[in-house]
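*Asks:* Here you go, model.tsv (TSV, C-alpha atoms):
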chain	number	residue	atom	x	y	z
N	1	MET	CA	-78.25	31.01	-9.85
N	2	GLN	CA	-80.75	33.78	-9.09
N	3	ILE	CA	-80.64	36.31	-11.87
N	4	SER	CA	-81.87	39.53	-10.28
N	5	ASP	CA	-83.22	40.64	-6.88
N	6	HIS	CA	-85.30	43.42	-8.40
N	7	LEU	CA	-86.85	40.98	-10.80
N	8	GLU	CA	-87.64	38.54	-7.99
N	9	LYS	CA	-89.38	41.35	-6.08
N	10	LEU	CA	-91.35	42.30	-9.17
N	11	ILE	CA	-92.41	38.68	-9.64
N	12	ASP	CA	-93.52	38.56	-5.98
N	13	SER	CA	-95.57	41.74	-6.41
N	14	LEU	CA	-97.24	40.52	-9.58
N	15	SER	CA	-98.09	37.14	-8.09
N	16	ARG	CA	-100.15	38.91	-5.41
N	17	PHE	CA	-102.85	39.40	-8.05
N	18	PRO	CA	-105.56	36.75	-7.64
N	19	GLY	CA	-105.32	34.12	-10.36
N	20	ILE	CA	-101.74	35.06	-11.28
N	21	GLY	CA	-99.38	32.22	-10.35
N	22	LYS	CA	-95.62	32.40	-9.98
N	23	ARG	CA	-95.07	31.28	-13.56
N	24	THR	CA	-97.38	33.86	-15.15
N	25	ALA	CA	-95.93	36.55	-12.86
N	26	ALA	CA	-92.44	35.62	-14.07
N	27	ARG	CA	-93.56	35.85	-17.69
N	28	LEU	CA	-95.10	39.29	-17.12
N	29	ALA	CA	-92.05	40.53	-15.20
N	30	TRP	CA	-89.64	39.42	-17.91
N	31	HIS	CA	-91.81	41.06	-20.51
N	32	LEU	CA	-91.80	44.31	-18.52
N	33	VAL	CA	-88.01	44.46	-18.37
N	34	SER	CA	-87.48	43.09	-21.91
N	35	THR	CA	-89.55	45.62	-23.85
N	36	ASP	CA	-88.65	49.26	-24.15
N	37	LYS	CA	-88.86	51.34	-20.97
N	38	SER	CA	-91.86	53.32	-22.21
N	39	PHE	CA	-94.13	50.36	-21.48
N	40	ALA	CA	-93.05	50.15	-17.83
N	41	GLN	CA	-93.31	53.93	-17.49
N	42	GLN	CA	-96.77	54.05	-18.98
N	43	LEU	CA	-97.94	51.17	-16.81
N	44	VAL	CA	-96.60	52.85	-13.67
N	45	GLN	CA	-98.36	56.06	-14.65
N	46	SER	CA	-101.70	54.39	-15.26
N	47	ILE	CA	-101.53	52.38	-12.03
N	48	THR	CA	-100.71	55.50	-10.03
N	49	ALA	CA	-103.38	57.61	-11.73
N	50	ALA	CA	-106.12	54.98	-11.30
N	51	SER	CA	-105.10	54.18	-7.73
N	52	ASP	CA	-105.08	57.86	-6.75
N	53	ALA	CA	-108.29	58.80	-8.52
N	54	ILE	CA	-110.60	55.98	-7.57
N	55	ARG	CA	-112.64	55.95	-4.33
N	56	PRO	CA	-115.89	54.26	-3.26
N	57	CYS	CA	-119.09	56.18	-4.03
N	58	SER	CA	-120.75	57.26	-0.77
N	59	LEU	CA	-124.17	56.23	-2.07
N	60	CYS	CA	-123.66	52.89	-3.82
N	61	ASN	CA	-120.13	51.91	-2.67
N	62	MET	CA	-118.95	51.48	-6.27
N	63	LEU	CA	-115.35	52.46	-6.97
N	64	SER	CA	-115.42	55.62	-9.05
N	65	GLU	CA	-113.51	58.79	-9.88
N	66	SER	CA	-116.36	60.98	-8.67
N	67	ASP	CA	-118.58	60.96	-5.58
N	68	PRO	CA	-121.45	60.36	-6.18
N	69	CYS	CA	-120.42	58.03	-9.00
N	70	PRO	CA	-121.60	58.66	-12.60
N	71	ILE	CA	-124.49	56.22	-12.18
N	72	CYS	CA	-125.84	57.56	-8.87
N	73	SER	CA	-125.59	61.11	-10.21
N	74	ALA	CA	-127.10	60.41	-13.65
N	75	ALA	CA	-130.46	62.17	-13.99
N	76	ASP	CA	-131.76	59.78	-16.64
N	77	ARG	CA	-131.46	56.49	-14.76
N	78	GLU	CA	-134.51	54.79	-13.30
N	79	GLN	CA	-134.93	54.95	-9.54
N	80	ASP	CA	-137.37	52.09	-9.14
N	81	SER	CA	-134.87	49.22	-9.18
N	82	ILE	CA	-131.57	48.55	-7.51
N	83	CYS	CA	-129.17	45.83	-8.55
N	84	ILE	CA	-126.95	44.42	-5.82
N	85	VAL	CA	-123.56	43.08	-6.89
N	86	GLN	CA	-120.44	41.78	-5.20
N	87	ASN	CA	-117.82	43.94	-6.92
N	88	SER	CA	-117.54	47.21	-8.78
N	89	ALA	CA	-116.32	45.25	-11.80
N	90	ASP	CA	-119.71	43.50	-11.90
N	91	VAL	CA	-121.38	46.88	-12.50
N	92	GLN	CA	-119.38	47.35	-15.69
N	93	ILE	CA	-120.31	43.83	-16.82
N	94	ILE	CA	-124.02	44.50	-16.31
N	95	GLU	CA	-123.73	47.93	-17.94
N	96	ASN	CA	-122.12	46.32	-21.00
N	97	MET	CA	-125.27	44.22	-21.40
N	98	ASN	CA	-127.15	47.46	-22.29
N	99	GLU	CA	-130.33	46.14	-20.75
N	100	TYR	CA	-130.56	47.72	-17.31
N	101	ARG	CA	-131.14	51.41	-16.56
N	102	GLY	CA	-131.59	51.33	-12.78
N	103	GLN	CA	-129.39	51.85	-9.72
N	104	TYR	CA	-126.69	49.67	-8.15
N	105	PHE	CA	-125.27	48.80	-4.78
N	106	VAL	CA	-121.82	47.19	-4.40
N	107	LEU	CA	-121.34	44.92	-1.39
N	108	GLY	CA	-117.57	44.59	-1.83
N	109	HIS	CA	-117.63	41.06	-0.41
N	110	LEU	CA	-119.93	38.08	0.04
N	111	LEU	CA	-120.84	36.80	3.49
N	112	SER	CA	-118.28	34.27	4.64
N	113	PRO	CA	-118.17	33.78	8.42
N	114	ILE	CA	-115.24	31.36	8.01
N	115	ASP	CA	-113.15	34.21	6.53
N	116	GLY	CA	-114.45	36.71	9.10
N	117	ILE	CA	-116.69	38.44	6.57
N	118	GLY	CA	-119.95	39.36	8.24
N	119	PRO	CA	-122.76	41.92	7.73
N	120	GLU	CA	-120.45	44.84	8.45
N	121	GLU	CA	-117.92	43.88	5.78
N	122	ILE	CA	-120.65	43.58	3.14
N	123	LYS	CA	-121.86	47.12	4.04
N	124	SER	CA	-125.35	45.94	4.88
N	125	GLU	CA	-126.28	49.08	6.82
N	126	MET	CA	-125.20	51.29	3.94
N	127	MET	CA	-127.19	49.04	1.59
N	128	ILE	CA	-130.36	49.29	3.70
N	129	ARG	CA	-129.94	53.09	3.87
N	130	ARG	CA	-129.63	53.28	0.08
N	131	ILE	CA	-132.62	50.99	-0.50
N	132	ASP	CA	-134.81	52.96	1.91
N	133	GLN	CA	-133.69	56.22	0.29
N	134	LEU	CA	-134.60	55.03	-3.21
N	135	GLY	CA	-137.72	53.05	-2.25
N	136	PRO	CA	-137.37	50.70	-5.25
N	137	ARG	CA	-140.07	48.44	-6.63
N	138	GLU	CA	-137.51	45.68	-7.27
N	139	VAL	CA	-134.17	44.59	-5.83
N	140	ILE	CA	-132.18	42.41	-8.25
N	141	LEU	CA	-129.56	40.19	-6.64
N	142	ALA	CA	-126.88	39.76	-9.36
N	143	ILE	CA	-124.72	37.62	-7.12
N	144	LYS	CA	-122.94	34.44	-8.07
N	145	PRO	CA	-124.55	31.13	-7.14
N	146	SER	CA	-122.02	29.73	-4.63
N	147	ALA	CA	-122.11	28.91	-0.92
N	148	GLU	CA	-121.16	32.50	-0.02
N	149	GLY	CA	-123.44	33.94	-2.69
N	150	GLU	CA	-126.45	31.94	-1.51
N	151	ALA	CA	-125.77	32.92	2.12
N	152	THR	CA	-125.53	36.57	1.10
N	153	MET	CA	-128.72	36.44	-0.96
N	154	HIS	CA	-130.57	34.76	1.90
N	155	TYR	CA	-129.30	37.36	4.34
N	156	ILE	CA	-130.47	40.24	2.11
N	157	TRP	CA	-133.82	38.53	1.54
N	158	GLU	CA	-134.28	38.27	5.35
N	159	ILE	CA	-133.65	42.00	5.70
N	160	LEU	CA	-135.98	43.03	2.88
N	161	LYS	CA	-138.77	40.45	3.10
N	162	ASP	CA	-141.16	42.69	5.09
N	163	ARG	CA	-140.55	45.78	2.95
N	164	ASN	CA	-142.98	45.19	0.05
N	165	ILE	CA	-140.20	44.98	-2.53
N	166	ILE	CA	-139.97	42.39	-5.32
N	167	ILE	CA	-136.69	40.54	-4.71
N	168	THR	CA	-135.26	38.68	-7.72
N	169	ARG	CA	-132.05	36.85	-8.47
N	170	LEU	CA	-130.36	35.93	-11.76
N	171	SER	CA	-131.37	32.64	-13.35
N	172	THR	CA	-129.15	29.62	-12.82
N	173	GLY	CA	-128.52	26.92	-15.44
N	174	LEU	CA	-126.24	25.90	-18.27
N	175	PRO	CA	-124.07	28.68	-19.68
N	176	PHE	CA	-124.39	29.31	-23.43
N	177	GLY	CA	-121.93	27.08	-25.28
N	178	GLY	CA	-121.37	25.09	-22.08
N	179	ASP	CA	-121.12	21.32	-22.53
N	180	LEU	CA	-123.10	19.22	-20.09
N	181	GLU	CA	-119.93	17.14	-19.76
N	182	TYR	CA	-118.01	20.04	-18.24
N	183	SER	CA	-120.81	21.40	-16.06
N	184	SER	CA	-120.90	20.72	-12.33
N	185	SER	CA	-123.69	18.52	-11.01
N	186	SER	CA	-125.21	21.48	-9.16
N	187	THR	CA	-125.37	23.43	-12.43
N	188	ILE	CA	-127.04	20.53	-14.21
N	189	LYS	CA	-129.43	19.97	-11.31
N	190	SER	CA	-130.39	23.62	-11.31
N	191	ALA	CA	-130.85	23.63	-15.09
N	192	TRP	CA	-133.00	20.51	-14.77
N	193	GLN	CA	-135.19	21.88	-12.01
N	194	ARG	CA	-135.65	25.20	-13.80
N	195	ARG	CA	-136.30	23.67	-17.24
N	196	TYR	CA	-138.91	25.44	-19.38
N	197	GLY	CA	-141.12	24.62	-22.35
N	198	VAL	CA	-139.71	25.13	-25.84
O	1	MET	CA	-122.02	53.78	-19.09
O	2	GLN	CA	-118.21	53.93	-18.88
O	3	ILE	CA	-117.22	53.92	-15.24
O	4	SER	CA	-113.79	55.55	-15.17
O	5	ASP	CA	-111.32	56.94	-17.72
O	6	HIS	CA	-108.32	56.18	-15.51
O	7	LEU	CA	-109.47	52.62	-15.12
O	8	GLU	CA	-109.95	52.25	-18.89
O	9	LYS	CA	-106.39	53.49	-19.41
O	10	LEU	CA	-105.08	51.05	-16.82
O	11	ILE	CA	-106.94	48.20	-18.53
O	12	ASP	CA	-105.41	49.25	-21.87
O	13	SER	CA	-101.92	49.29	-20.35
O	14	LEU	CA	-102.32	45.89	-18.73
O	15	SER	CA	-103.71	44.31	-21.88
O	16	ARG	CA	-100.46	45.20	-23.68
O	17	PHE	CA	-98.85	42.25	-21.85
O	18	PRO	CA	-98.70	39.23	-24.17
O	19	GLY	CA	-101.27	36.63	-23.19
O	20	ILE	CA	-103.33	39.10	-21.14
O	21	GLY	CA	-106.68	39.70	-22.83
O	22	LYS	CA	-109.07	42.56	-22.19
O	23	ARG	CA	-111.05	40.52	-19.67
O	24	THR	CA	-108.05	39.49	-17.55
O	25	ALA	CA	-106.69	43.04	-17.75
O	26	ALA	CA	-110.03	44.33	-16.42
O	27	ARG	CA	-109.92	41.84	-13.55
O	28	LEU	CA	-106.36	42.87	-12.63
O	29	ALA	CA	-107.19	46.58	-12.90
O	30	TRP	CA	-110.25	46.27	-10.67
O	31	HIS	CA	-108.22	44.30	-8.16
O	32	LEU	CA	-105.56	47.02	-8.16
O	33	VAL	CA	-108.03	49.77	-7.34
O	34	SER	CA	-110.14	47.62	-4.98
O	35	THR	CA	-107.44	46.52	-2.55
O	36	ASP	CA	-105.65	48.89	-0.23
O	37	LYS	CA	-103.34	51.45	-1.86
O	38	SER	CA	-100.19	49.78	-0.50
O	39	PHE	CA	-100.49	47.05	-3.14
O	40	ALA	CA	-100.53	49.54	-6.02
O	41	GLN	CA	-97.69	51.50	-4.44
O	42	GLN	CA	-95.55	48.43	-3.93
O	43	LEU	CA	-96.21	47.23	-7.48
O	44	VAL	CA	-95.28	50.63	-8.91
O	45	GLN	CA	-92.08	50.60	-6.86
O	46	SER	CA	-91.04	47.15	-7.97
O	47	ILE	CA	-91.81	47.86	-11.66
O	48	THR	CA	-89.77	51.07	-11.52
O	49	ALA	CA	-86.87	49.45	-9.67
O	50	ALA	CA	-86.69	46.45	-11.99
O	51	SER	CA	-87.13	48.54	-15.12
O	52	ASP	CA	-84.39	50.99	-14.05
O	53	ALA	CA	-81.92	48.37	-12.84
O	54	ILE	CA	-82.04	45.81	-15.63
O	55	ARG	CA	-79.91	46.06	-18.79
O	56	PRO	CA	-78.59	43.51	-21.30
O	57	CYS	CA	-75.23	41.91	-20.42
O	58	SER	CA	-72.61	43.01	-22.96
O	59	LEU	CA	-71.25	39.46	-23.22
O	60	CYS	CA	-74.29	37.20	-23.35
O	61	ASN	CA	-77.14	39.69	-23.98
O	62	MET	CA	-79.07	38.42	-20.94
O	63	LEU	CA	-81.06	41.03	-19.00
O	64	SER	CA	-79.30	41.54	-15.70
O	65	GLU	CA	-78.64	44.09	-12.94
O	66	SER	CA	-74.88	43.91	-13.50
O	67	ASP	CA	-72.67	43.96	-16.60
O	68	PRO	CA	-71.22	41.38	-17.08
O	69	CYS	CA	-74.17	39.42	-15.69
O	70	PRO	CA	-73.75	37.11	-12.65
O	71	ILE	CA	-73.33	34.08	-14.92
O	72	CYS	CA	-70.72	35.55	-17.29
O	73	SER	CA	-68.77	36.89	-14.31
O	74	ALA	CA	-68.98	33.73	-12.17
O	75	ALA	CA	-65.53	32.18	-11.77
O	76	ASP	CA	-66.87	28.69	-11.09
O	77	ARG	CA	-68.90	28.14	-14.26
O	78	GLU	CA	-67.63	25.91	-17.05
O	79	GLN	CA	-66.38	27.63	-20.20
O	80	ASP	CA	-66.58	24.68	-22.55
O	81	SER	CA	-70.27	24.87	-23.38
O	82	ILE	CA	-72.65	27.64	-24.33
O	83	CYS	CA	-76.41	27.33	-24.29
O	84	ILE	CA	-78.29	29.51	-26.75
O	85	VAL	CA	-81.80	30.59	-25.77
O	86	GLN	CA	-84.45	32.92	-27.10
O	87	ASN	CA	-85.18	34.94	-23.95
O	88	SER	CA	-83.54	35.90	-20.69
O	89	ALA	CA	-86.42	34.16	-18.90
O	90	ASP	CA	-85.30	30.88	-20.50
O	91	VAL	CA	-81.96	31.19	-18.67
O	92	GLN	CA	-83.75	31.18	-15.33
O	93	ILE	CA	-85.77	28.14	-16.40
O	94	ILE	CA	-82.62	26.21	-17.34
O	95	GLU	CA	-80.84	27.35	-14.17
O	96	ASN	CA	-83.77	26.06	-12.09
O	97	MET	CA	-83.12	22.60	-13.55
O	98	ASN	CA	-79.79	22.54	-11.62
O	99	GLU	CA	-78.15	20.47	-14.29
O	100	TYR	CA	-76.13	22.88	-16.39
O	101	ARG	CA	-73.03	24.80	-15.28
O	102	GLY	CA	-71.91	26.38	-18.55
O	103	GLN	CA	-72.38	29.70	-20.30
O	104	TYR	CA	-75.38	31.22	-22.11
O	105	PHE	CA	-76.21	33.46	-25.00
O	106	VAL	CA	-79.61	35.18	-25.33
O	107	LEU	CA	-80.83	35.88	-28.87
O	108	GLY	CA	-83.75	38.05	-27.78
O	109	HIS	CA	-85.81	36.89	-30.77
O	110	LEU	CA	-86.16	34.02	-33.19
O	111	LEU	CA	-85.64	34.49	-36.93
O	112	SER	CA	-88.89	35.50	-38.57
O	113	PRO	CA	-88.45	37.26	-41.93
O	114	ILE	CA	-92.21	37.80	-42.14
O	115	ASP	CA	-92.03	39.95	-38.98
O	116	GLY	CA	-88.85	41.67	-40.13
O	117	ILE	CA	-86.68	39.75	-37.67
O	118	GLY	CA	-83.40	38.85	-39.35
O	119	PRO	CA	-79.83	37.99	-38.29
O	120	GLU	CA	-79.25	41.47	-36.85
O	121	GLU	CA	-82.27	41.33	-34.54
O	122	ILE	CA	-81.20	37.96	-33.14
O	123	LYS	CA	-77.73	39.42	-32.37
O	124	SER	CA	-75.94	36.85	-34.49
O	125	GLU	CA	-72.68	38.85	-34.72
O	126	MET	CA	-72.57	39.26	-30.96
O	127	MET	CA	-73.28	35.54	-30.61
O	128	ILE	CA	-70.43	34.57	-32.97
O	129	ARG	CA	-68.10	36.93	-31.08
O	130	ARG	CA	-69.02	35.30	-27.77
O	131	ILE	CA	-68.66	31.77	-29.15
O	132	ASP	CA	-65.25	32.52	-30.65
O	133	GLN	CA	-64.17	34.17	-27.40
O	134	LEU	CA	-65.13	31.13	-25.32
O	135	GLY	CA	-64.10	28.46	-27.84
O	136	PRO	CA	-66.65	25.96	-26.48
O	137	ARG	CA	-66.65	22.23	-27.10
O	138	GLU	CA	-70.46	22.20	-27.37
O	139	VAL	CA	-73.19	24.65	-28.34
O	140	ILE	CA	-76.60	23.65	-26.97
O	141	LEU	CA	-79.58	25.12	-28.81
O	142	ALA	CA	-82.34	25.34	-26.17
O	143	ILE	CA	-84.80	26.85	-28.60
O	144	LYS	CA	-88.43	25.93	-29.03
O	145	PRO	CA	-89.39	23.58	-31.85
O	146	SER	CA	-91.52	25.86	-34.05
O	147	ALA	CA	-91.18	27.27	-37.56
O	148	GLU	CA	-89.17	30.24	-36.25
O	149	GLY	CA	-87.20	28.06	-33.85
O	150	GLU	CA	-86.24	25.57	-36.54
O	151	ALA	CA	-85.20	28.39	-38.90
O	152	THR	CA	-83.10	29.94	-36.14
O	153	MET	CA	-81.44	26.63	-35.24
O	154	HIS	CA	-80.70	25.94	-38.89
O	155	TYR	CA	-79.21	29.42	-39.31
O	156	ILE	CA	-76.94	28.98	-36.27
O	157	TRP	CA	-75.93	25.52	-37.46
O	158	GLU	CA	-74.94	27.00	-40.86
O	159	ILE	CA	-72.72	29.54	-39.10
O	160	LEU	CA	-71.05	27.04	-36.80
O	161	LYS	CA	-70.86	23.92	-38.91
O	162	ASP	CA	-67.24	24.47	-40.00
O	163	ARG	CA	-66.00	25.39	-36.52
O	164	ASN	CA	-65.38	21.92	-34.99
O	165	ILE	CA	-68.02	22.42	-32.30
O	166	ILE	CA	-70.60	19.84	-31.23
O	167	ILE	CA	-73.99	21.41	-31.90
O	168	THR	CA	-76.93	19.89	-30.00
O	169	ARG	CA	-80.59	20.74	-29.57
O	170	LEU	CA	-83.15	19.74	-26.93
O	171	SER	CA	-85.05	16.52	-27.53
O	172	THR	CA	-88.54	16.73	-28.98
O	173	GLY	CA	-91.40	14.41	-28.04
O	174	LEU	CA	-94.32	14.03	-25.68
O	175	PRO	CA	-94.22	16.24	-22.61
O	176	PHE	CA	-94.41	14.40	-19.26
O	177	GLY	CA	-98.06	14.00	-18.28
O	178	GLY	CA	-99.11	14.97	-21.80
O	179	ASP	CA	-101.95	12.95	-23.28
O	180	LEU	CA	-101.48	11.76	-26.86
O	181	GLU	CA	-105.02	12.98	-27.42
O	182	TYR	CA	-104.02	16.59	-26.75
O	183	SER	CA	-100.67	16.51	-28.54
O	184	SER	CA	-100.24	17.98	-32.00
O	185	SER	CA	-99.52	15.61	-34.86
O	186	SER	CA	-96.02	17.06	-35.25
O	187	THR	CA	-95.29	16.29	-31.59
O	188	ILE	CA	-96.54	12.73	-31.97
O	189	LYS	CA	-94.62	12.29	-35.23
O	190	SER	CA	-91.44	13.54	-33.60
O	191	ALA	CA	-91.96	11.29	-30.57
O	192	TRP	CA	-92.54	8.36	-32.91
O	193	GLN	CA	-89.47	8.99	-35.03
O	194	ARG	CA	-87.26	9.50	-31.96
O	195	ARG	CA	-88.65	6.50	-30.02
O	196	TYR	CA	-86.09	4.55	-27.99
O	197	GLY	CA	-85.77	1.08	-26.45
O	198	VAL	CA	-87.18	0.59	-22.95
Once you've parsed the file, please lay out its structure as structure tokens.

*Replies:*
Amino acid sequence: MQISDHLEKLIDSLSRFPGIGKRTAARLAWHLVSTDKSFAQQLVQSITAASDAIRPCSLCNMLSESDPCPICSAADREQDSICIVQNSADVQIIENMNEYRGQYFVLGHLLSPIDGIGPEEIKSEMMIRRIDQLGPREVILAIKPSAEGEATMHYIWEILKDRNIIITRLSTGLPFGGDLEYSSSSTIKSAWQRRYGV
Amino acid sequence: MQISDHLEKLIDSLSRFPGIGKRTAARLAWHLVSTDKSFAQQLVQSITAASDAIRPCSLCNMLSESDPCPICSAADREQDSICIVQNSADVQIIENMNEYRGQYFVLGHLLSPIDGIGPEEIKSEMMIRRIDQLGPREVILAIKPSAEGEATMHYIWEILKDRNIIITRLSTGLPFGGDLEYSSSSTIKSAWQRRYGV
């Protein structure tokens, strides 16, 4: 017997999140209707507020409440490097590292011809415009090492190679705390090839 | 640099779900603001609709859109057994098995004196009322085998033991596909003690 249509619809909505399966969605939905209404109300409010307030920055394409975003408009950030990432969330991750004080550009996607994601979808013209505007010494590709990531990095390198800019990418290898046993052979191969003296 | 206050609030709201850590909440929040607005709108709608529509059934305490719930009000369900579960979600799980055609009662919690959850919180009076109303032949305790679950099952058994009702509980043992290696010693011990001829 199906218990509730509204609940089924809620489960369907929640399972549209990437990485949330039907079972987790059901657990979340039941929790939402089981706890006191203030939780659901507060969640609805924060979804609506965030969804209404957040737009892409016209300079770096990062999702932000202001345009330009807080990073592009900060006076105290260095202008001589630009870090290129896939998603806005990646910016927060790099910021949390407290290591980097330069600029960003958010592609929004990685190149994936098979999914119809080409140079236009990854905002390559906007990226070139931003790079030429800033004239950085270094472009850091903080993009994940995967088929799409490698294709994207190669594509950006092709664009920038004649521009007298240092182009770097994040190191590949074993993650801290990662067992060799659970690492893919490409991770181990990369760690092997990039081994360094101790 | 903190990117967005609204986003931080959304992450806080989402991480109030049990089993959703800060990192998953951040991933969900970024997805919500990254995809087109229709997703956020639809999610808000389905949360509001489900949260407004769903109330506990006055007979079995299950969360439902109608009172009595579809199961308590179904004419074709057997009256001679009642299955006692912790949560409304458990009812759906047992229904999906397509094996059971009796009644339910939802406790809402398990006994846990340390968390201040006593007989009143697990609706024991309402449960006794429902059991006496139905006069079932069997009460099935579909409650998880844990400290709280065992205490709750023992408490219900104490209440019902003089009522001439068969009281059963779900079997304990190895889950299908479960490696011995990854099973707790209490699971293995229970599976050992309850072993049966093949």

*Asks:* Please report as CSV every residue of chain O lying within 6 Å of chain N, along with the nearest atom pair and their distance in Å (one decimal), using only C-alpha atoms.

*Replies:*
residue,atom,partner,partner_atom,distance
O:His6,CA,N:Ala50,CA,4.9
O:Leu7,CA,N:Ala50,CA,5.6
O:Leu10,CA,N:Ser46,CA,5.0
O:Ser13,CA,N:Leu43,CA,5.6
O:Val33,CA,N:Ser51,CA,5.3
O:Leu43,CA,N:Ser13,CA,5.6
O:Val44,CA,N:Val44,CA,5.4
O:Ser46,CA,N:Leu10,CA,5.0
O:Ala50,CA,N:His6,CA,4.9
O:Ser51,CA,N:Val33,CA,5.3

*Asks:* Suppose we keep C-alpha atoms; can you now write the selection as an mmCIF file, keeping the file's coordinate frame?

*Replies:*
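Below you can see again.cif, which holds the result:
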data_model
loop_
_atom_site.group_PDB
_atom_site.id
_atom_site.type_symbol
_atom_site.label_atom_id
_atom_site.label_comp_id
_atom_site.auth_asym_id
_atom_site.auth_seq_id
_atom_site.Cartn_x
_atom_site.Cartn_y
_atom_site.Cartn_z
ATOM 1 C CA HIS O 6 -108.320 56.180 -15.510
ATOM 2 C CA LEU O 7 -109.470 52.620 -15.120
ATOM 3 C CA LEU O 10 -105.080 51.050 -16.820
ATOM 4 C CA SER O 13 -101.920 49.290 -20.350
ATOM 5 C CA VAL O 33 -108.030 49.770 -7.340
ATOM 6 C CA LEU O 43 -96.210 47.230 -7.480
ATOM 7 C CA VAL O 44 -95.280 50.630 -8.910
ATOM 8 C CA SER O 46 -91.040 47.150 -7.970
ATOM 9 C CA ALA O 50 -86.690 46.450 -11.990
ATOM 10 C CA SER O 51 -87.130 48.540 -15.120
#

*Asks:* Please identify all polymer residues within 9 Å of Ile166 (chain N), counting all atoms listed in the file, omitting same-chain residues fewer than 5 positions from it, and present them as a PDB file with C-alpha atoms, in the frame of the given file.

*Replies:*
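As written to disk, out.pdb reads:
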ATOM      1  CA  PRO N 136    -137.370  50.700  -5.250  1.00  0.00           C
ATOM      2  CA  ARG N 137    -140.070  48.440  -6.630  1.00  0.00           C
ATOM      3  CA  GLU N 138    -137.510  45.680  -7.270  1.00  0.00           C
ATOM      4  CA  VAL N 139    -134.170  44.590  -5.830  1.00  0.00           C
ATOM      5  CA  ILE N 140    -132.180  42.410  -8.250  1.00  0.00           C
ATOM      6  CA  LYS N 161    -138.770  40.450   3.100  1.00  0.00           C
TER       7      LYS N 161
END

*Asks:* Using CA of Ile188 (chain O) and CA of Ser171 (chain O) as the two end points, give the distance in Å to one decimal.

*Replies:*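 Pair CA of Ile188 (chain O) / CA of Ser171 (chain O) returns 12.9 Å.
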
*Asks:* Name the residues, using the chain letters and numbers of the file, that sit within 7 Å of (-130.1, 54.0, -10.8) when counting all atoms listed in the file, and give them as a PyMOL selection string.

*Replies:* chain N and resi 71-72+77-79+81-82+101-104

*Asks:* One decimal, Å: what's the distance from CA of Ala147 (chain O) over to CA of Pro113 (chain O), could you say?

*Replies:*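 Atom-to-atom, CA of Ala147 (chain O) to CA of Pro113 (chain O), that is 11.2 Å.
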
*Asks:* Please return, as a VMD selection string, all polymer residues that have at least one atom within 7 Å of the point (-84.9, 39.0, -36.2); use all atoms listed in the file and the file's own coordinate frame.

*Replies:* chain O and resid 109 to 113 116 to 122
